[in-house]
$ cat input06.pdb   # PDB, C-alpha atoms
ATOM      1  CA  MET A   1      94.439  81.950  95.454
ATOM      2  CA  THR A   2      94.037  84.471  92.711
ATOM      3  CA  SER A   3      93.253  88.099  93.378
ATOM      4  CA  ASN A   4      91.932  91.205  91.691
ATOM      5  CA  LYS A   5      94.499  92.093  89.043
ATOM      6  CA  ASP A   6      93.334  95.599  88.121
ATOM      7  CA  MET A   7      96.762  96.603  89.382
ATOM      8  CA  LYS A   8      99.744  94.482  88.395
ATOM      9  CA  TYR A   9     101.628  93.760  91.616
ATOM     10  CA  TYR A  10     104.975  92.991  89.990
ATOM     11  CA  THR A  11     106.928  93.564  86.820
ATOM     12  CA  LYS A  12     109.532  91.542  84.968
ATOM     13  CA  GLU A  13     113.122  92.749  85.265
ATOM     14  CA  GLU A  14     114.365  93.508  81.792
ATOM     15  CA  GLY A  15     116.961  91.095  80.527
ATOM     16  CA  LYS A  16     116.977  89.013  83.705
ATOM     17  CA  ASP A  17     115.059  86.061  85.073
ATOM     18  CA  ARG A  18     113.668  88.015  88.013
ATOM     19  CA  ILE A  19     110.480  89.834  88.934
ATOM     20  CA  ILE A  20     110.293  93.141  90.810
ATOM     21  CA  CYS A  21     107.673  93.377  93.541
ATOM     22  CA  LEU A  22     105.655  96.611  93.288
ATOM     23  CA  LEU A  23     103.910  96.434  96.673
ATOM     24  CA  CYS A  24     106.346  98.495  98.716
ATOM     25  CA  ARG A  25     109.348 100.726  98.189
ATOM     26  CA  HIS A  26     111.879  97.998  98.848
ATOM     27  CA  SER A  27     111.122  96.898  95.257
ATOM     28  CA  CYS A  28     112.531  93.434  95.960
ATOM     29  CA  LYS A  29     114.039  91.699  92.932
ATOM     30  CA  LEU A  30     113.091  88.046  93.232
ATOM     31  CA  LYS A  31     114.479  85.025  91.451
ATOM     32  CA  GLU A  32     112.335  81.918  91.072
ATOM     33  CA  GLY A  33     111.438  80.637  94.559
ATOM     34  CA  GLN A  34     112.828  83.704  96.309
ATOM     35  CA  VAL A  35     110.880  85.580  99.009
ATOM     36  CA  GLY A  36     111.025  89.348  99.585
ATOM     37  CA  ILE A  37     112.166  91.254 102.676
ATOM     38  CA  CYS A  38     108.628  90.990 104.062
ATOM     39  CA  GLY A  39     108.905  87.202 104.110
ATOM     40  CA  ILE A  40     105.533  86.594 102.502
ATOM     41  CA  ASN A  41     105.688  87.618  98.837
ATOM     42  CA  LYS A  42     107.364  85.036  96.630
ATOM     43  CA  ASN A  43     108.319  84.483  93.008
ATOM     44  CA  VAL A  44     106.381  81.367  92.013
ATOM     45  CA  ASP A  45     106.682  80.372  88.343
ATOM     46  CA  GLY A  46     107.565  83.939  87.386
ATOM     47  CA  GLU A  47     104.600  85.513  89.169
ATOM     48  CA  LEU A  48     104.276  87.206  92.562
ATOM     49  CA  GLU A  49     102.399  85.078  95.061
ATOM     50  CA  THR A  50     101.250  86.535  98.383
ATOM     51  CA  LEU A  51     101.675  83.573 100.724
ATOM     52  CA  VAL A  52      99.325  84.947 103.401
ATOM     53  CA  TYR A  53      96.409  85.438 100.994
ATOM     54  CA  GLY A  54      93.349  84.133 102.867
ATOM     55  CA  HIS A  55      95.354  83.366 106.014
ATOM     56  CA  PRO A  56      94.822  86.005 108.748
ATOM     57  CA  VAL A  57      96.361  85.290 112.155
ATOM     58  CA  ALA A  58      94.537  87.942 114.187
ATOM     59  CA  VAL A  59      90.913  89.062 113.752
ATOM     60  CA  HIS A  60      89.165  91.306 116.285
ATOM     61  CA  VAL A  61      86.374  93.862 116.500
ATOM     62  CA  ASP A  62      87.934  97.108 117.777
ATOM     63  CA  PRO A  63      86.774 100.664 118.415
ATOM     64  CA  VAL A  64      87.897 102.746 115.427
ATOM     65  CA  GLU A  65      89.587 105.056 117.962
ATOM     66  CA  LYS A  66      92.041 102.237 118.718
ATOM     67  CA  LYS A  67      93.558 102.360 115.215
ATOM     68  CA  PRO A  68      93.945 105.293 116.104
ATOM     69  CA  LEU A  69      91.537 107.197 113.868
ATOM     70  CA  ASN A  70      89.727 109.969 115.711
ATOM     71  CA  HIS A  71      88.165 111.639 112.688
ATOM     72  CA  VAL A  72      86.563 108.545 111.146
ATOM     73  CA  LEU A  73      83.071 107.395 112.211
ATOM     74  CA  PRO A  74      83.549 108.209 115.935
ATOM     75  CA  GLY A  75      82.190 105.604 118.328
ATOM     76  CA  SER A  76      81.921 102.917 115.650
ATOM     77  CA  THR A  77      83.711  99.582 115.465
ATOM     78  CA  ALA A  78      86.091  98.193 112.861
ATOM     79  CA  LEU A  79      86.656  94.563 112.032
ATOM     80  CA  SER A  80      90.453  94.507 112.321
ATOM     81  CA  PHE A  81      92.789  91.844 111.037
ATOM     82  CA  GLY A  82      96.401  91.146 110.187
ATOM     83  CA  THR A  83      98.663  88.387 108.911
ATOM     84  CA  VAL A  84     102.247  87.391 109.581
ATOM     85  CA  GLY A  85     105.142  89.343 108.062
ATOM     86  CA  CYS A  86     106.421  92.911 107.783
ATOM     87  CA  ASN A  87     108.724  94.970 105.580
ATOM     88  CA  PHE A  88     110.188  96.837 108.611
ATOM     89  CA  LYS A  89     112.211  95.546 111.583
ATOM     90  CA  CYS A  90     111.179  97.969 114.350
ATOM     91  CA  PRO A  91     112.787  96.899 117.666
ATOM     92  CA  PHE A  92     109.827  98.312 119.626
ATOM     93  CA  CYS A  93     107.042  96.566 117.691
ATOM     94  CA  GLN A  94     104.146  95.609 119.960
ATOM     95  CA  ASN A  95     102.927  92.996 117.479
ATOM     96  CA  TRP A  96     106.365  91.510 116.832
ATOM     97  CA  ASP A  97     105.104  87.973 117.444
ATOM     98  CA  ILE A  98     103.172  88.150 114.164
ATOM     99  CA  SER A  99     104.992  90.911 112.254
ATOM    100  CA  GLN A 100     108.381  89.206 112.529
ATOM    101  CA  GLU A 101     106.953  85.721 111.965
ATOM    102  CA  LYS A 102     107.364  84.170 108.516
ATOM    103  CA  LYS A 103     105.551  80.860 108.957
ATOM    104  CA  VAL A 104     102.062  80.951 107.431
ATOM    105  CA  ASN A 105      99.284  78.986 109.123
ATOM    106  CA  GLU A 106      97.494  77.625 106.075
ATOM    107  CA  SER A 107      94.912  75.825 108.208
ATOM    108  CA  ILE A 108      93.104  79.155 108.632
ATOM    109  CA  ASN A 109      91.266  80.152 105.477
ATOM    110  CA  VAL A 110      89.112  83.272 105.249
ATOM    111  CA  SER A 111      88.009  84.363 101.797
ATOM    112  CA  PRO A 112      87.430  88.048 100.997
ATOM    113  CA  GLU A 113      83.678  87.401 100.926
ATOM    114  CA  GLU A 114      83.804  85.709 104.335
ATOM    115  CA  MET A 115      85.805  88.576 105.861
ATOM    116  CA  VAL A 116      83.218  91.109 104.722
ATOM    117  CA  GLU A 117      80.358  88.958 106.021
ATOM    118  CA  LEU A 118      82.186  88.693 109.355
ATOM    119  CA  ALA A 119      82.355  92.488 109.566
ATOM    120  CA  LEU A 120      78.671  92.875 108.742
ATOM    121  CA  SER A 121      77.607  90.168 111.204
ATOM    122  CA  HIS A 122      79.429  91.982 114.030
ATOM    123  CA  GLY A 123      77.865  95.339 113.191
ATOM    124  CA  ALA A 124      81.189  96.894 112.214
ATOM    125  CA  GLU A 125      81.069  99.973 110.007
ATOM    126  CA  SER A 126      84.545  99.484 108.600
ATOM    127  CA  ILE A 127      87.339  96.995 108.011
ATOM    128  CA  ALA A 128      90.824  97.862 109.279
ATOM    129  CA  TYR A 129      93.907  96.325 107.708
ATOM    130  CA  THR A 130      96.245  96.430 110.678
ATOM    131  CA  TYR A 131      98.330  94.592 113.346
ATOM    132  CA  ASN A 132     101.120  93.914 110.850
ATOM    133  CA  GLU A 133     101.946  95.906 107.710
ATOM    134  CA  PRO A 134      98.965  95.640 105.329
ATOM    135  CA  THR A 135     100.918  96.762 102.275
ATOM    136  CA  ILE A 136     102.587  93.358 102.127
ATOM    137  CA  PHE A 137      99.213  91.600 101.898
ATOM    138  CA  TYR A 138      97.742  94.260  99.605
ATOM    139  CA  PRO A 139      96.293  91.812  97.025
ATOM    140  CA  TYR A 140      94.243  90.163  99.801
ATOM    141  CA  ALA A 141      93.331  93.491 101.391
ATOM    142  CA  LYS A 142      92.116  94.966  98.122
ATOM    143  CA  ASP A 143      89.960  91.981  97.237
ATOM    144  CA  ILE A 144      88.280  92.344 100.646
ATOM    145  CA  GLY A 145      88.086  96.126 100.383
ATOM    146  CA  VAL A 146      86.368  96.222  96.995
ATOM    147  CA  ILE A 147      83.591  93.952  98.292
ATOM    148  CA  ALA A 148      83.394  95.889 101.571
ATOM    149  CA  LYS A 149      82.960  99.157  99.688
ATOM    150  CA  GLU A 150      80.087  97.653  97.670
ATOM    151  CA  LYS A 151      78.431  96.665 100.968
ATOM    152  CA  GLY A 152      78.726 100.188 102.397
ATOM    153  CA  LEU A 153      81.694  99.577 104.703
ATOM    154  CA  LYS A 154      84.670 101.921 105.007
ATOM    155  CA  ASN A 155      88.226 100.653 104.491
ATOM    156  CA  LEU A 156      90.994 101.718 106.878
ATOM    157  CA  PHE A 157      94.733 101.183 106.348
ATOM    158  CA  VAL A 158      97.048 101.251 109.384
ATOM    159  CA  SER A 159     100.517 101.390 107.908
ATOM    160  CA  ASN A 160     104.179 102.302 108.195
ATOM    161  CA  GLY A 161     103.864 104.371 105.032
ATOM    162  CA  PHE A 162     106.263 102.441 102.797
ATOM    163  CA  GLU A 163     103.724 101.798 100.022
ATOM    164  CA  SER A 164     104.933 102.054  96.447
ATOM    165  CA  PRO A 165     103.562 104.941  94.347
ATOM    166  CA  GLU A 166     101.707 102.338  92.269
ATOM    167  CA  VAL A 167      99.914 100.980  95.356
ATOM    168  CA  ILE A 168      98.988 104.468  96.592
ATOM    169  CA  GLU A 169      97.456 105.315  93.222
ATOM    170  CA  ASP A 170      95.501 102.067  93.347
ATOM    171  CA  MET A 171      94.415 102.602  96.976
ATOM    172  CA  ALA A 172      92.545 105.776  96.051
ATOM    173  CA  SER A 173      89.801 103.660  94.447
ATOM    174  CA  TRP A 174      88.871 101.772  97.637
ATOM    175  CA  VAL A 175      90.671 103.010 100.799
ATOM    176  CA  ASP A 176      88.801 105.698 102.760
ATOM    177  CA  ALA A 177      91.283 106.501 105.515
ATOM    178  CA  ALA A 178      94.768 105.663 106.720
ATOM    179  CA  ASN A 179      96.774 106.068 109.871
ATOM    180  CA  ILE A 180     100.430 106.328 108.913
ATOM    181  CA  ASP A 181     103.356 106.045 111.309
ATOM    182  CA  LEU A 182     105.897 108.847 111.188
ATOM    183  CA  LYS A 183     108.352 107.051 113.406
ATOM    184  CA  SER A 184     111.345 109.393 113.372
ATOM    185  CA  TRP A 185     112.766 112.504 111.733
ATOM    186  CA  ASP A 186     116.168 110.859 111.268
ATOM    187  CA  ASP A 187     116.624 109.111 107.934
ATOM    188  CA  ALA A 188     119.690 107.227 109.203
ATOM    189  CA  TYR A 189     117.608 105.827 112.097
ATOM    190  CA  TYR A 190     114.869 104.827 109.652
ATOM    191  CA  ARG A 191     117.345 102.981 107.435
ATOM    192  CA  LYS A 192     119.670 101.399 109.992
ATOM    193  CA  VAL A 193     117.230 100.539 112.783
ATOM    194  CA  LEU A 194     113.782 100.315 111.213
ATOM    195  CA  LYS A 195     114.912  99.173 107.730
ATOM    196  CA  GLY A 196     112.734 101.768 106.008
ATOM    197  CA  GLY A 197     113.264 105.358 104.869
ATOM    198  CA  LEU A 198     112.078 108.788 106.019
ATOM    199  CA  GLU A 199     111.922 110.443 102.615
ATOM    200  CA  GLU A 200     109.817 107.588 101.253
ATOM    201  CA  VAL A 201     107.340 107.901 104.135
ATOM    202  CA  LYS A 202     107.098 111.672 103.654
ATOM    203  CA  ASP A 203     106.417 111.098  99.958
ATOM    204  CA  THR A 204     103.741 108.506 100.798
ATOM    205  CA  LEU A 205     101.965 110.962 103.099
ATOM    206  CA  LYS A 206     101.886 113.622 100.393
ATOM    207  CA  ARG A 207     100.680 111.173  97.753
ATOM    208  CA  MET A 208      97.909 109.772  99.956
ATOM    209  CA  ILE A 209      96.560 113.217 100.753
ATOM    210  CA  ASP A 210      96.753 114.240  97.081
ATOM    211  CA  ALA A 211      94.857 111.023  96.248
ATOM    212  CA  GLY A 212      91.984 112.069  98.521
ATOM    213  CA  ILE A 213      92.559 109.484 101.245
ATOM    214  CA  TRP A 214      91.833 110.789 104.754
ATOM    215  CA  VAL A 215      95.143 110.614 106.655
ATOM    216  CA  GLU A 216      95.990 110.698 110.350
ATOM    217  CA  ILE A 217      99.584 110.410 111.584
ATOM    218  CA  THR A 218     100.969 108.560 114.602
ATOM    219  CA  THR A 219     104.362 109.172 116.170
ATOM    220  CA  LEU A 220     105.388 106.781 118.921
ATOM    221  CA  ILE A 221     107.491 109.021 121.164
ATOM    222  CA  ILE A 222     110.540 107.199 122.541
ATOM    223  CA  GLU A 223     112.640 109.264 124.906
ATOM    224  CA  GLY A 224     116.220 109.586 123.722
ATOM    225  CA  GLU A 225     115.369 108.277 120.257
ATOM    226  CA  ASN A 226     112.988 110.687 118.518
ATOM    227  CA  ASP A 227     111.885 113.279 121.104
ATOM    228  CA  SER A 228     114.349 116.155 120.619
ATOM    229  CA  ASP A 229     112.730 119.569 120.291
ATOM    230  CA  LYS A 230     114.444 120.072 116.937
ATOM    231  CA  ASP A 231     113.117 116.840 115.441
ATOM    232  CA  LEU A 232     109.608 117.354 116.805
ATOM    233  CA  GLU A 233     109.520 120.955 115.565
ATOM    234  CA  GLU A 234     110.600 119.963 112.057
ATOM    235  CA  MET A 235     108.117 117.094 112.045
ATOM    236  CA  ALA A 236     105.263 119.375 113.127
ATOM    237  CA  VAL A 237     106.178 122.026 110.548
ATOM    238  CA  PHE A 238     106.273 119.365 107.831
ATOM    239  CA  ILE A 239     102.777 118.183 108.748
ATOM    240  CA  ALA A 240     101.404 121.728 108.913
ATOM    241  CA  SER A 241     103.111 123.055 105.778
ATOM    242  CA  ASP A 242     103.343 120.078 103.448
ATOM    243  CA  LEU A 243     100.255 118.068 104.441
ATOM    244  CA  GLY A 244      97.855 120.505 106.094
ATOM    245  CA  LYS A 245      97.139 121.890 109.553
ATOM    246  CA  HIS A 246      93.964 119.794 109.618
ATOM    247  CA  VAL A 247      95.881 116.469 109.563
ATOM    248  CA  PRO A 248      95.537 114.894 113.036
ATOM    249  CA  TRP A 249      98.789 114.050 114.849
ATOM    250  CA  HIS A 250      98.655 111.234 117.399
ATOM    251  CA  LEU A 251     101.506 111.339 119.922
ATOM    252  CA  SER A 252     101.693 107.940 121.582
ATOM    253  CA  ALA A 253     103.636 106.834 124.643
ATOM    254  CA  PHE A 254     106.149 104.039 124.189
ATOM    255  CA  HIS A 255     106.059 101.077 126.526
ATOM    256  CA  PRO A 256     108.869  98.510 126.729
ATOM    257  CA  ASP A 257     108.372  95.702 124.215
ATOM    258  CA  TYR A 258     110.178  93.254 121.929
ATOM    259  CA  LYS A 259     113.872  94.268 121.743
ATOM    260  CA  MET A 260     113.493  97.447 123.826
ATOM    261  CA  LEU A 261     112.469  95.952 127.153
ATOM    262  CA  ASP A 262     115.181  97.896 128.984
ATOM    263  CA  HIS A 263     113.958 101.274 127.689
ATOM    264  CA  GLU A 264     111.819 103.493 129.922
ATOM    265  CA  ARG A 265     108.145 104.140 129.299
ATOM    266  CA  THR A 266     107.466 107.586 127.830
ATOM    267  CA  LYS A 267     106.489 110.172 130.449
ATOM    268  CA  LEU A 268     103.315 112.236 130.098
ATOM    269  CA  GLU A 269     105.420 115.424 130.352
ATOM    270  CA  THR A 270     107.304 114.381 127.210
ATOM    271  CA  LEU A 271     104.055 113.967 125.280
ATOM    272  CA  MET A 272     102.786 117.316 126.570
ATOM    273  CA  ARG A 273     106.015 118.985 125.385
ATOM    274  CA  ALA A 274     105.533 117.426 121.944
ATOM    275  CA  LYS A 275     101.910 118.571 121.885
ATOM    276  CA  LYS A 276     102.910 122.174 122.604
ATOM    277  CA  ILE A 277     105.399 121.997 119.738
ATOM    278  CA  GLY A 278     102.617 120.795 117.440
ATOM    279  CA  GLU A 279     100.300 123.557 118.610
ATOM    280  CA  LYS A 280     103.000 126.141 117.972
ATOM    281  CA  ALA A 281     103.283 124.843 114.398
ATOM    282  CA  GLY A 282      99.550 125.511 114.017
ATOM    283  CA  LEU A 283      98.209 121.942 113.962
ATOM    284  CA  TYR A 284      94.468 121.839 114.695
ATOM    285  CA  TYR A 285      94.103 118.329 116.072
ATOM    286  CA  ILE A 286      96.704 116.740 118.356
ATOM    287  CA  TYR A 287      95.944 113.642 120.420
ATOM    288  CA  LEU A 288      97.901 111.853 123.124
ATOM    289  CA  GLY A 289      97.825 108.051 123.157
ATOM    290  CA  ASN A 290      98.656 105.285 125.632
ATOM    291  CA  VAL A 291      98.215 107.723 128.527
ATOM    292  CA  PRO A 292      95.171 108.388 130.762
ATOM    293  CA  VAL A 293      94.046 111.694 129.235
ATOM    294  CA  HIS A 294      90.991 112.731 127.230
ATOM    295  CA  ALA A 295      91.526 112.792 123.464
ATOM    296  CA  ASP A 296      89.060 115.595 122.867
ATOM    297  CA  THR A 297      88.298 117.250 119.547
ATOM    298  CA  HIS A 298      87.686 121.007 119.623
ATOM    299  CA  CYS A 299      86.591 123.293 116.816
ATOM    300  CA  PRO A 300      89.726 125.078 115.556
ATOM    301  CA  ASP A 301      87.799 128.334 115.067
ATOM    302  CA  CYS A 302      85.641 128.794 118.174
ATOM    303  CA  GLY A 303      87.129 126.205 120.526
ATOM    304  CA  GLU A 304      83.831 124.369 121.072
ATOM    305  CA  LEU A 305      84.184 120.785 122.350
ATOM    306  CA  VAL A 306      82.668 118.643 119.590
ATOM    307  CA  ILE A 307      83.883 115.160 120.568
ATOM    308  CA  ASP A 308      84.859 113.960 124.052
ATOM    309  CA  ARG A 309      86.637 110.621 124.429
ATOM    310  CA  THR A 310      87.517 108.653 127.545
ATOM    311  CA  GLY A 311      89.986 106.004 126.488
ATOM    312  CA  TYR A 312      88.452 104.519 123.347
ATOM    313  CA  ASP A 313      84.894 105.482 124.342
ATOM    314  CA  VAL A 314      83.166 108.466 122.763
ATOM    315  CA  THR A 315      81.164 110.125 125.556
ATOM    316  CA  VAL A 316      80.137 113.292 123.706
ATOM    317  CA  ASN A 317      79.622 113.897 119.994
ATOM    318  CA  THR A 318      77.839 117.128 119.106
ATOM    319  CA  LEU A 319      78.883 117.280 115.447
ATOM    320  CA  GLU A 320      76.078 118.278 113.104
ATOM    321  CA  ASN A 321      76.728 116.667 109.716
ATOM    322  CA  GLY A 322      80.444 117.059 110.325
ATOM    323  CA  HIS A 323      80.164 120.686 111.414
ATOM    324  CA  CYS A 324      80.691 122.514 114.701
ATOM    325  CA  PRO A 325      77.278 123.050 116.343
ATOM    326  CA  LYS A 326      78.307 126.523 117.533
ATOM    327  CA  CYS A 327      80.040 128.298 114.652
ATOM    328  CA  HIS A 328      79.184 125.740 111.920
ATOM    329  CA  ARG A 329      82.794 125.321 110.771
ATOM    330  CA  MET A 330      83.352 122.046 108.946
ATOM    331  CA  ILE A 331      85.451 119.689 111.078
ATOM    332  CA  GLU A 332      87.707 117.703 108.755
ATOM    333  CA  GLY A 333      87.227 113.936 108.725
ATOM    334  CA  VAL A 334      85.085 111.026 107.543
ATOM    335  CA  TRP A 335      81.842 111.360 109.481
ATOM    336  CA  SER A 336      79.296 109.309 107.564
TER     337      SER A 336
END
$ encode --input "input06.pdb" --output "structure tokens"
Amino acid sequence: MTSNKDMKYYTKEEGKDRIICLLCRHSCKLKEGQVGICGINKNVDGELETLVYGHPVAVHVDPVEKKPLNHVLPGSTALSFGTVGCNFKCPFCQNWDISQEKKVNESINVSPEEMVELALSHGAESIAYTYNEPTIFYPYAKDIGVIAKEKGLKNLFVSNGFESPEVIEDMASWVDAANIDLKSWDDAYYRKVLKGGLEEVKDTLKRMIDAGIWVEITTLIIEGENDSDKDLEEMAVFIASDLGKHVPWHLSAFHPDYKMLDHERTKLETLMRAKKIGEKAGLYYIYLGNVPVHADTHCPDCGELVIDRTGYDVTVNTLENGHCPKCHRMIEGVWS
């Protein structure tokens, strides 16, 4: 299938019979017939073909809080979908059965128009590109997103943050919000274990915020891997200083999965320690995930409870046009 070519998703390598994929920062150089690290972008007749275009493997209607995005249309639902493939190799991936799969089920065909109609028919207020890494199926995502935007839906990217600068610049025209994983503060761990890169993810976060995309950050806390006070402090200071104290930080508990079945589940005390570190750095909005606690939003100025959540359910929302009802401070987010 063809896709919207406002952005060129590849370039020719000068002097060689290869193309360079521009979707993510791996910048895979592909000979004819060769597939990139993600397993689903291929050089076909000198052009980049996204093999999963039109072929989602998971489609669900989720609370937007499940993405997690706590400052985007609270209490609404998002039509969420993903495909096979990923450009990372995280050993703790909870969706490894699709993210590490390379075989495309071509019997499932959902056009961009059909995906948008599906969202509208289910009363969703947004479409979330999620479950696996959406950057690798960006041509499909964008074709859906442009139509969704015309129909009044929001577009949400749930990503590992390894987008190329070219993709981030292009995203600004149609993506409303993103939740980006900041998986570790150790570049060696990112490169050796996850097959990504810390500096690239930090750069992505800065570029997305500069582009006007609403950004929330998720760190899956794994005891013994990324939970040292030093790493958490530096991470929190980076968010506060380089991105903004208003950027929400989701601290999620790890549970054994995929190749880390022998690793212990993250304790609540560990998340609480991380939260205190974030508060000390001055972050306004810190949320704990995968644990039975309320993910409440309070006004940073007067402390008023503006949103109360139980699990993924919003039980209280007293925001008045995005402002605190008590002191009238604007609460940062996408509220309408």
$ resolve_selection --input "input06.pdb" --expression "the PyMOL selection byres ((chain A and resi 99) around 9)" --output "compact mmCIF listing (two decimals) with C-alpha atoms, keeping the file's coordinate frame"
# COMPACT_ATOMS: atom_id res chain seq x y z
CA CYS A 38 108.63 90.99 104.06
CA GLY A 82 96.40 91.15 110.19
CA THR A 83 98.66 88.39 108.91
CA VAL A 84 102.25 87.39 109.58
CA GLY A 85 105.14 89.34 108.06
CA CYS A 86 106.42 92.91 107.78
CA ASN A 87 108.72 94.97 105.58
CA PHE A 88 110.19 96.84 108.61
CA LYS A 89 112.21 95.55 111.58
CA CYS A 93 107.04 96.57 117.69
CA ASN A 95 102.93 93.00 117.48
CA TRP A 96 106.36 91.51 116.83
CA ASP A 97 105.10 87.97 117.44
CA ILE A 98 103.17 88.15 114.16
CA GLN A 100 108.38 89.21 112.53
CA GLU A 101 106.95 85.72 111.96
CA LYS A 102 107.36 84.17 108.52
CA TYR A 131 98.33 94.59 113.35
CA ASN A 132 101.12 93.91 110.85
CA GLU A 133 101.95 95.91 107.71
$ residues_around --input "input06.pdb" --residues "A:Leu205" --least-positions-apart "6" --cutoff "9 Å" --atoms "all atoms listed in the file" --output "PDB file with C-alpha atoms, in the coordinates of the input"
ATOM      1  CA  GLY A 161     103.864 104.371 105.032  1.00  0.00           C
ATOM      2  CA  ILE A 180     100.430 106.328 108.913  1.00  0.00           C
ATOM      3  CA  VAL A 215      95.143 110.614 106.655  1.00  0.00           C
ATOM      4  CA  ILE A 217      99.584 110.410 111.584  1.00  0.00           C
ATOM      5  CA  LEU A 243     100.255 118.068 104.441  1.00  0.00           C
TER       6      LEU A 243
END
$ resolve_selection --input "input06.pdb" --expression "the PyMOL selection byres ((chain A and resi 6-14) around 8)" --output "ChimeraX atom specification"
/A:4-5,15-23,29,47-48,139,170
$ closest_residue --input "input06.pdb" --among "A:Ala124, A:Phe162, A:Glu114, A:Leu268" --to "A:Asp143" --atoms "all atoms listed in the file"
A:Glu114
$ resolve_selection --input "input06.pdb" --expression "the PyMOL selection byres ((chain A and resi 284) around 12)" --output "PyMOL selection string"
chain A and resi 236+239-240+244-250+275-276+278-283+285-287+296-303+331-332
$ residues_around --input "input06.pdb" --residues "stretch 63-78 of chain A" --least-positions-apart "4" --cutoff "7 Å" --atoms "all atoms listed in the file" --output "JSON, numbers by chain"
{"A": [124, 125, 126, 127, 128, 158, 179, 216, 312, 313, 314, 333, 334, 335, 336]}
$ atom_distance --input "input06.pdb" --atom1 "atom CA of A:Lys267" --atom2 "atom CA of A:Asp231"
17.7 Å
$ axis_aligned_box --input "input06.pdb" --around "stretch 192-204 of chain A" --padding-each-side "4 Å" --output "lines of an AutoDock Vina configuration file"
center_x = 111.7
center_y = 105.4
center_z = 106.4
size_x = 23.9
size_y = 20.5
size_z = 20.8
$ residues_near_point --input "input06.pdb" --point "(113.4, 105.4, 126.4)" --cutoff "8 Å" --atoms "all atoms listed in the file" --output "JSON list (two decimals) with C-alpha atoms, in the coordinates of the input"
[["chain", "number", "residue", "atom", "x", "y", "z"],
["A", 222, "ILE", "CA", 110.54, 107.20, 122.54],
["A", 223, "GLU", "CA", 112.64, 109.26, 124.91],
["A", 224, "GLY", "CA", 116.22, 109.59, 123.72],
["A", 225, "GLU", "CA", 115.37, 108.28, 120.26],
["A", 254, "PHE", "CA", 106.15, 104.04, 124.19],
["A", 263, "HIS", "CA", 113.96, 101.27, 127.69],
["A", 264, "GLU", "CA", 111.82, 103.49, 129.92],
["A", 265, "ARG", "CA", 108.14, 104.14, 129.30],
["A", 266, "THR", "CA", 107.47, 107.59, 127.83]]
$ closest_residue --input "input06.pdb" --among "A:Phe157, A:Tyr140, A:Phe238, A:Trp214" --to "A:Met115" --atoms "all atoms listed in the file"
A:Tyr140
$ atom_distance --input "input06.pdb" --atom1 "atom CA of A:Cys90" --atom2 "atom CA of A:Leu194"
4.7 Å
$ residues_around --input "input06.pdb" --residues "stretch 49-51 of chain A" --least-positions-apart "4" --cutoff "6 Å" --atoms "all atoms listed in the file" --output "VMD selection string"
chain A and resid 40 to 42
$ closest_residue --input "input06.pdb" --among "A:Ile209, A:Leu156, A:Leu251, A:Ile136" --to "A:Asp181" --atoms "all atoms listed in the file"
A:Leu251
